[in-house]
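Taking it in order: structure first as structure tokens, then the write-up.
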Amino acid sequence: MPNSLVIVQALFVWLSLGALFYVYLGYPLLLSVICFIFKRRKAPLGYFPFISVLIAAYNEEGGIRKKVVQTLALDYPEDKIEIIVLSDCSTDRTDEIVRSFADPRVRLFRAPQRRGKTNVQNLGVEVSRGDVLIFSDATTVYHPMALQYLSCNYADPKVGAVSGRYQYFDPEGKSPTGSGMITFWNYENFIKMMQSRIHTITGCCGCIYSVRRANYTSLDPDVISDLVQPLWAVQKGYRVVFEDRALAYEETTKSSKEEFSMRVRVVTRGIRGILSVSTLLNPLVYSWVSFQLLSHKVLRWMVPFFLVLLFASNALLWNHSWYGTLFALQVLFYGFALLSAIIPLHRVWKPLGIPLYFCILNAAALRSILEVLRGRKYVVWETIRS
């Protein structure tokens with residue numbers, strides 16, 4: 001093989017390896033270094049604006065009562081909170097159950113037509129009264145002090161949105177993607193913590209995030225609100241804070257198929273969301289925010305292409321020096337992920353489920369990019385409960 005061809009193939013290997021290193025390790029390490037310069041103090045408790053807790057629901061009859069009861073029990077002044085369940089045209093007993101609550105703080109809002117979570121949130125904001133809007137999912141359990149931890153950050157007039165923190169759990173230890181999901185979100189929370197300490201985060205946790213009412217922007221139904229809503233706050237000149245004390249507990253998905261479908265929907269809506277505020281990608285105008293979005297969103301979604309390039313270019317060099325070892329490690333990794341999809345290896349040792357989750361994440365990102373190119377939109381969602 002001509003030396004020039006070998007050099008080109010080796011260059012592709014190193015470029016793809018470099019991109020993968022930066023996405024998963026280089027960017028977090030860079031944030032860690034920058035964090036040494038910034039020492040932001042956590043907001044003190046004691047600020048109690050009137051809040052509206054908006055719970056998006058579609059066919060949640062199995063758990064909506066528990067969710068409302070749990071929300072009413074959270075530690076927040078009774079005269080400073082309202083709870084509005086946003087029913088996206090539920091066809092089960094969800095609406096009936098919500099209407100059965102005698103507590104005047106609880107209300108039902110039923111959308112006139114089913115157009116998805118973002119749309120029903122837009123409509124729910126119009127009928128809410130809170131100075132701070134807190135968005136929740138019907139399945140999420142909040143830490144007793146979560147509302148206080150979110151709200152106290154709004155004492156700072158420069159804060160436009162505040163995100164809480166996901167804490168995923170696998171109650172039965174049977175989910176093939178459970179350990180990977182928990183590891184991934186711990187990693188994501190770490191990055192958000194550093195971004196917030198430096199300046200601002202660029203995306204919130206969907207089941208526990210809040211927006212100052214004056215900053216709320218009505219969004220298109222096909223974009224993901226917990227990414228785009230905070231980006232609009234940033235575009236208006238406000239900070240978005242990551243409040244790691246405000247915990248939201250959420251159960252992991254139960255199957256690889258369920259996780260893949262969910263990630264395709266989330267990433268497709270995320271890509272459309274970024275495109276809707278594409279001016280934030282301009283480094284000449286939004287230098288730090290643009291850097292975060294490109295490093296943590298755009299390049300992350302491009303990872304499947306880097307993986308394919310690495311595998312293909314490395315395959316051509318399998319008999320050259322250490323490249324053969326690198327190729328064998330890739331084959332072993334993907335083979336192990338495939339085996340995990342067939343045999344529940346995670347039940348032997350939970351970390352064994354991480355390769356499968358890694359592959360699902362990136363397969364979903366690739367599928368999402370293709371969906372966007374095809375013009376596919378994900379607006380409504382289906383509730384899956386066992």
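Going by the structure tokens order, chains are called A, B, ..., each with residues numbered from 1, while ligands are numbered from 1 in the order shown.
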
Residues near stretch 197-214 of chain A, anyone? I mean within 9 Å using only C-alpha atoms, not counting same-chain ones fewer than 6 positions away, as JSON, numbers by chain.
{"A": [31, 34, 35, 37, 38, 39, 40, 41, 53, 55, 125, 129, 130, 131, 132, 133, 134, 135, 136, 137, 138, 139, 140, 142, 146, 150, 151, 154, 159, 160, 161, 162, 163, 164, 165, 166, 191, 224, 225, 226, 227, 228, 229, 230, 231, 233, 234, 238, 239, 240, 241, 242, 246, 247, 248, 250, 288, 289, 292, 293]}

Taking the backbone alone, and naming residues the way the document does, which bits of stretch 147-176 of chain A are strand (DSSP E or B) by DSSP, as a JSON list (two decimals) with all heavy atoms, in the first residue's frame?
```json
[["chain", "number", "residue", "atom", "x", "y", "z"],
["A", 159, "VAL", "N", -31.13, 36.23, 36.68],
["A", 159, "VAL", "CA", -31.44, 34.82, 36.41],
["A", 159, "VAL", "C", -32.77, 34.72, 35.69],
["A", 159, "VAL", "O", -33.79, 35.23, 36.17],
["A", 159, "VAL", "CB", -31.48, 34.01, 37.72],
["A", 159, "VAL", "CG1", -32.01, 32.60, 37.47],
["A", 159, "VAL", "CG2", -30.09, 33.94, 38.35],
["A", 160, "GLY", "N", -32.77, 34.08, 34.53],
["A", 160, "GLY", "CA", -33.99, 33.96, 33.74],
["A", 160, "GLY", "C", -34.62, 32.59, 33.78],
["A", 160, "GLY", "O", -35.81, 32.43, 33.51],
["A", 161, "ALA", "N", -33.82, 31.57, 34.12],
["A", 161, "ALA", "CA", -34.33, 30.20, 34.18],
["A", 161, "ALA", "C", -33.43, 29.39, 35.12],
["A", 161, "ALA", "O", -32.24, 29.70, 35.28],
["A", 161, "ALA", "CB", -34.36, 29.56, 32.80],
["A", 162, "VAL", "N", -34.02, 28.38, 35.73],
["A", 162, "VAL", "CA", -33.28, 27.53, 36.68],
["A", 162, "VAL", "C", -33.65, 26.07, 36.41],
["A", 162, "VAL", "O", -34.84, 25.74, 36.32],
["A", 162, "VAL", "CB", -33.58, 27.88, 38.15],
["A", 162, "VAL", "CG1", -32.76, 27.00, 39.09],
["A", 162, "VAL", "CG2", -33.32, 29.35, 38.43],
["A", 163, "SER", "N", -32.64, 25.24, 36.33],
["A", 163, "SER", "CA", -32.86, 23.80, 36.14],
["A", 163, "SER", "C", -32.54, 23.05, 37.41],
["A", 163, "SER", "O", -31.58, 23.37, 38.12],
["A", 163, "SER", "CB", -31.98, 23.26, 35.02],
["A", 163, "SER", "OG", -32.08, 21.85, 34.92],
["A", 164, "GLY", "N", -33.35, 22.04, 37.71],
["A", 164, "GLY", "CA", -33.02, 21.11, 38.77],
["A", 164, "GLY", "C", -32.15, 20.01, 38.21],
["A", 164, "GLY", "O", -31.61, 20.11, 37.10],
["A", 165, "ARG", "N", -32.02, 18.93, 38.97],
["A", 165, "ARG", "CA", -31.11, 17.85, 38.60],
["A", 165, "ARG", "C", -31.83, 16.51, 38.56],
["A", 165, "ARG", "O", -32.59, 16.16, 39.46],
["A", 165, "ARG", "CB", -29.99, 17.78, 39.64],
["A", 165, "ARG", "CG", -28.96, 16.71, 39.39],
["A", 165, "ARG", "CD", -27.88, 16.79, 40.45],
["A", 165, "ARG", "NE", -27.63, 15.49, 41.05],
["A", 165, "ARG", "CZ", -27.01, 15.31, 42.20],
["A", 165, "ARG", "NH1", -26.61, 16.34, 42.89],
["A", 165, "ARG", "NH2", -26.81, 14.10, 42.67],
["A", 166, "TYR", "N", -31.61, 15.78, 37.47],
["A", 166, "TYR", "CA", -32.11, 14.41, 37.36],
["A", 166, "TYR", "C", -31.38, 13.48, 38.31],
["A", 166, "TYR", "O", -30.16, 13.56, 38.47],
["A", 166, "TYR", "CB", -31.85, 13.86, 35.95],
["A", 166, "TYR", "CG", -32.80, 14.28, 34.87],
["A", 166, "TYR", "CD1", -32.30, 14.82, 33.68],
["A", 166, "TYR", "CD2", -34.17, 14.08, 34.98],
["A", 166, "TYR", "CE1", -33.14, 15.17, 32.65],
["A", 166, "TYR", "CE2", -35.02, 14.43, 33.94],
["A", 166, "TYR", "CZ", -34.51, 14.97, 32.78],
["A", 166, "TYR", "OH", -35.33, 15.32, 31.76],
["A", 167, "GLN", "N", -32.10, 12.57, 38.92],
["A", 167, "GLN", "CA", -31.49, 11.45, 39.65],
["A", 167, "GLN", "C", -32.24, 10.20, 39.22],
["A", 167, "GLN", "O", -33.33, 9.91, 39.72],
["A", 167, "GLN", "CB", -31.61, 11.66, 41.16],
["A", 167, "GLN", "CG", -30.82, 10.67, 41.99],
["A", 167, "GLN", "CD", -29.33, 10.93, 41.94],
["A", 167, "GLN", "OE1", -28.87, 12.04, 42.18],
["A", 167, "GLN", "NE2", -28.56, 9.91, 41.62],
["A", 168, "TYR", "N", -31.68, 9.48, 38.25],
["A", 168, "TYR", "CA", -32.34, 8.28, 37.74],
["A", 168, "TYR", "C", -32.08, 7.08, 38.65],
["A", 168, "TYR", "O", -31.03, 6.99, 39.29],
["A", 168, "TYR", "CB", -31.87, 7.97, 36.33],
["A", 168, "TYR", "CG", -32.57, 8.77, 35.26],
["A", 168, "TYR", "CD1", -31.98, 9.89, 34.69],
["A", 168, "TYR", "CD2", -33.85, 8.42, 34.84],
["A", 168, "TYR", "CE1", -32.63, 10.63, 33.71],
["A", 168, "TYR", "CE2", -34.51, 9.15, 33.87],
["A", 168, "TYR", "CZ", -33.90, 10.25, 33.31],
["A", 168, "TYR", "OH", -34.56, 10.98, 32.36],
["A", 169, "PHE", "N", -33.04, 6.17, 38.67],
["A", 169, "PHE", "CA", -32.87, 4.94, 39.45],
["A", 169, "PHE", "C", -33.54, 3.79, 38.72],
["A", 169, "PHE", "O", -34.50, 3.96, 37.97],
["A", 169, "PHE", "CB", -33.46, 5.10, 40.86],
["A", 169, "PHE", "CG", -34.95, 5.31, 40.89],
["A", 169, "PHE", "CD1", -35.82, 4.25, 41.09],
["A", 169, "PHE", "CD2", -35.49, 6.59, 40.72],
["A", 169, "PHE", "CE1", -37.19, 4.44, 41.13],
["A", 169, "PHE", "CE2", -36.87, 6.79, 40.74],
["A", 169, "PHE", "CZ", -37.73, 5.71, 40.96]]
```

Using DSSP on the backbone coordinates, identify the residues of stretch 92-307 of chain A assigned to alpha helix (DSSP H); present them as a count of residues only.
92

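Pairwise distance (atom CA of A:Ala102, atom CA of A:Gln121) equals 23.4 Å.
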
Could you make a table, as a Markdown table, of the residues of stretch 100-184 of chain A that have an atom within 7 Å of an atom of stretch 255-262 of chain A, each with its nearest atom pair and distance in Å to one decimal, counting only C-alpha atoms, in chain and number order?
```
| residue | atom | partner | partner_atom | distance |
| --- | --- | --- | --- | --- |
| A:Ser175 | CA | A:Ser255 | CA | 5.9 |
| A:Pro176 | CA | A:Ser255 | CA | 6.2 |
| A:Thr177 | CA | A:Ser256 | CA | 6.3 |
```

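When only C-alpha atoms are used to measure the gap to A:Leu326, the shortest distance among A:His296, A:Arg245, A:Trp232, A:Leu310 belongs to A:Leu310.
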
Closest of A:Ala73, A:Met193, A:Cys152, A:Val266 to A:Asp222, counting only C-alpha atoms, is A:Val266

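Ranking A:Leu299, A:Val120, A:Val308, A:Ala365 by their shortest atom-to-atom distance to A:Gln330, with only C-alpha atoms included, puts A:Val308 first.
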